[in-house]
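Chemist: Right, I'll just put the structure down here and ask away after.
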Amino acid sequence: MAGALRRLHQSGIRRSFILVAPTRLGRQPVIDLPEADDPADQVQWWSRLCDLIRTQTPLSVVLVDAAHRGLNPELVRERARLQKRLALLEDLTRAERTALLEISRGVCTGDQGLLTEARVLETPSHEPREAQVAILEESLGDRLMGATSRVLRATA
């Protein structure tokens, strides 16, 4: 936990955050997006999601690699319009990643391992298709802000 907190502090994150681990959209069931087939467009979709989180909520975004099965989070960060309240943490140990999941206000990824771990830790989890529905309904901020009202676990 101390290592994850130290890395957060060094990255400039000082408030509640959503953990985002970009994955390929084409793997998502029931997601019909033009971006689903083109890797460059998929990176752009995740970048837009990060921007929306930061404009529609007071939450920060912490980008991490989705266990080497996802998209390059550095590209996602580079294509995001807003750099404020956005951090990229690379080369996380498993313990650091678990600590970040535990203290985050939610996780958004298509990586089933991360989603399962988040659910075990009772961290709100959102798959890309759920995020897309919220974006289309213009309710992304409301859905994510519900996560900020929960009490963090005692270890956090």
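Numbering starts fresh at 1 for the residues of each chain in the structure tokens, the chains themselves are lettered A, B, ... in the order given, and ligands are numbered from 1 as they appear.
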Using only C-alpha atoms, determine which residues lie at most 8 Å from stretch 114-119 of chain A, disregarding the query and same-chain residues fewer than 5 positions distant; provide the list as a list in words.

Modeler: Ala66, Thr98, Leu101, Glu102, Val107, Thr109, Pro124, Ser125 and His126 of chain A

Chemist: Store the residues picked out above, limited to N, CA and C atoms, as a PDB file, in the first residue's frame.

Modeler:
```pdb
ATOM      1  N   ALA A  66      -3.046  -2.873 -18.764  1.00  0.00           N
ATOM      2  CA  ALA A  66      -3.990  -3.960 -18.466  1.00  0.00           C
ATOM      3  C   ALA A  66      -3.308  -5.305 -18.650  1.00  0.00           C
ATOM      4  N   THR A  98      -2.990  -4.006  -6.877  1.00  0.00           N
ATOM      5  CA  THR A  98      -4.067  -4.353  -5.947  1.00  0.00           C
ATOM      6  C   THR A  98      -4.347  -3.203  -4.994  1.00  0.00           C
ATOM      7  N   LEU A 101      -6.297  -0.598  -6.819  1.00  0.00           N
ATOM      8  CA  LEU A 101      -7.695  -1.013  -6.955  1.00  0.00           C
ATOM      9  C   LEU A 101      -8.453  -0.778  -5.652  1.00  0.00           C
ATOM     10  N   GLU A 102      -7.791  -1.060  -4.553  1.00  0.00           N
ATOM     11  CA  GLU A 102      -8.437  -0.961  -3.254  1.00  0.00           C
ATOM     12  C   GLU A 102      -8.752   0.482  -2.865  1.00  0.00           C
ATOM     13  N   VAL A 107     -12.903   1.266 -11.239  1.00  0.00           N
ATOM     14  CA  VAL A 107     -11.984   0.830 -12.282  1.00  0.00           C
ATOM     15  C   VAL A 107     -12.777   0.697 -13.573  1.00  0.00           C
ATOM     16  N   THR A 109     -12.179  -0.956 -17.319  1.00  0.00           N
ATOM     17  CA  THR A 109     -11.321  -1.769 -18.178  1.00  0.00           C
ATOM     18  C   THR A 109     -12.153  -2.895 -18.778  1.00  0.00           C
ATOM     19  N   PRO A 124     -16.081  -0.470  -7.274  1.00  0.00           N
ATOM     20  CA  PRO A 124     -16.975  -0.388  -8.429  1.00  0.00           C
ATOM     21  C   PRO A 124     -16.202  -0.589  -9.729  1.00  0.00           C
ATOM     22  N   SER A 125     -16.748  -1.415 -10.602  1.00  0.00           N
ATOM     23  CA  SER A 125     -16.068  -1.710 -11.857  1.00  0.00           C
ATOM     24  C   SER A 125     -16.991  -1.425 -13.030  1.00  0.00           C
ATOM     25  N   HIS A 126     -16.386  -0.926 -14.096  1.00  0.00           N
ATOM     26  CA  HIS A 126     -17.134  -0.535 -15.289  1.00  0.00           C
ATOM     27  C   HIS A 126     -16.408  -1.088 -16.512  1.00  0.00           C
TER      28      HIS A 126
END
```

Chemist: What lies within 10 Å of A:Val61 using only C-alpha atoms, ignoring chain neighbours under 3 positions off, as a ChimeraX atom specification?

Modeler: /A:13,15-20,49-51,53-54,58,64,77,83-88,104,106-107

Chemist: Taking the chain letters and numbering used in this document, name the residues of stretch 3-155 of chain A that DSSP puts in strand (DSSP E), as a list in words.

Modeler: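 Residues meeting the strand (DSSP E) criterion: Phe17, Ile18, Leu19, Val20, Ala21, Ser60, Val61, Val62, Leu63, Leu86, Ala87, Leu88, Val107, Cys108, Thr109, Ser125 and His126 of chain A.
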
Chemist: Once you have the residues from the selection above, write them out as a CSV table (one decimal), in the first residue's frame, restricted to C-alpha atoms.

Modeler:
```
chain,number,residue,atom,x,y,z
A,17,PHE,CA,-9.4,8.7,-8.8
A,18,ILE,CA,-10.7,6.2,-11.3
A,19,LEU,CA,-8.3,3.5,-12.4
A,20,VAL,CA,-8.4,3.1,-16.2
A,21,ALA,CA,-6.7,0.1,-17.9
A,60,SER,CA,-8.7,12.1,-11.4
A,61,VAL,CA,-7.7,9.3,-13.7
A,62,VAL,CA,-4.8,6.9,-13.2
A,63,LEU,CA,-3.9,5.0,-16.3
A,86,LEU,CA,-4.2,12.4,-15.3
A,87,ALA,CA,-1.4,10.2,-14.3
A,88,LEU,CA,0.3,7.2,-15.9
A,107,VAL,CA,-12.0,0.8,-12.3
A,108,CYS,CA,-12.8,0.9,-16.0
A,109,THR,CA,-11.3,-1.8,-18.2
A,125,SER,CA,-16.1,-1.7,-11.9
A,126,HIS,CA,-17.1,-0.5,-15.3
```

Chemist: With only C-alpha atoms as the basis for distance, which of A:Met145, A:Leu25, A:Ala67, A:Ala80 is at the shortest distance from A:Glu127?

Modeler: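 The closest residue to A:Glu127 is A:Leu25.
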
Chemist: Report the residues of chain A whose backbone DSSP state falls under helix (DSSP H, G or I), written as a PyMOL selection string.

Modeler: chain A and resi 2-11+25-27+34-36+39-56+73-79+94-103+112-120+128-136+140-148

Chemist: Do you have the atom CA of A:Gly110-atom CA of A:Thr23 distance handy?

Modeler: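 Interatomic distance here is 5.5 Å.
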
Chemist: Determine the nearest neighbour of A:Leu140 from the options A:Met1, A:Leu8, A:Leu59, A:Leu52, counting only C-alpha atoms.

Modeler: A:Leu52

Chemist: Would you mind telling me which residue in A:Leu82, A:Arg105, A:Glu90, A:Leu136 lies nearest to A:Thr123 when using only C-alpha atoms?

Modeler: A:Arg105
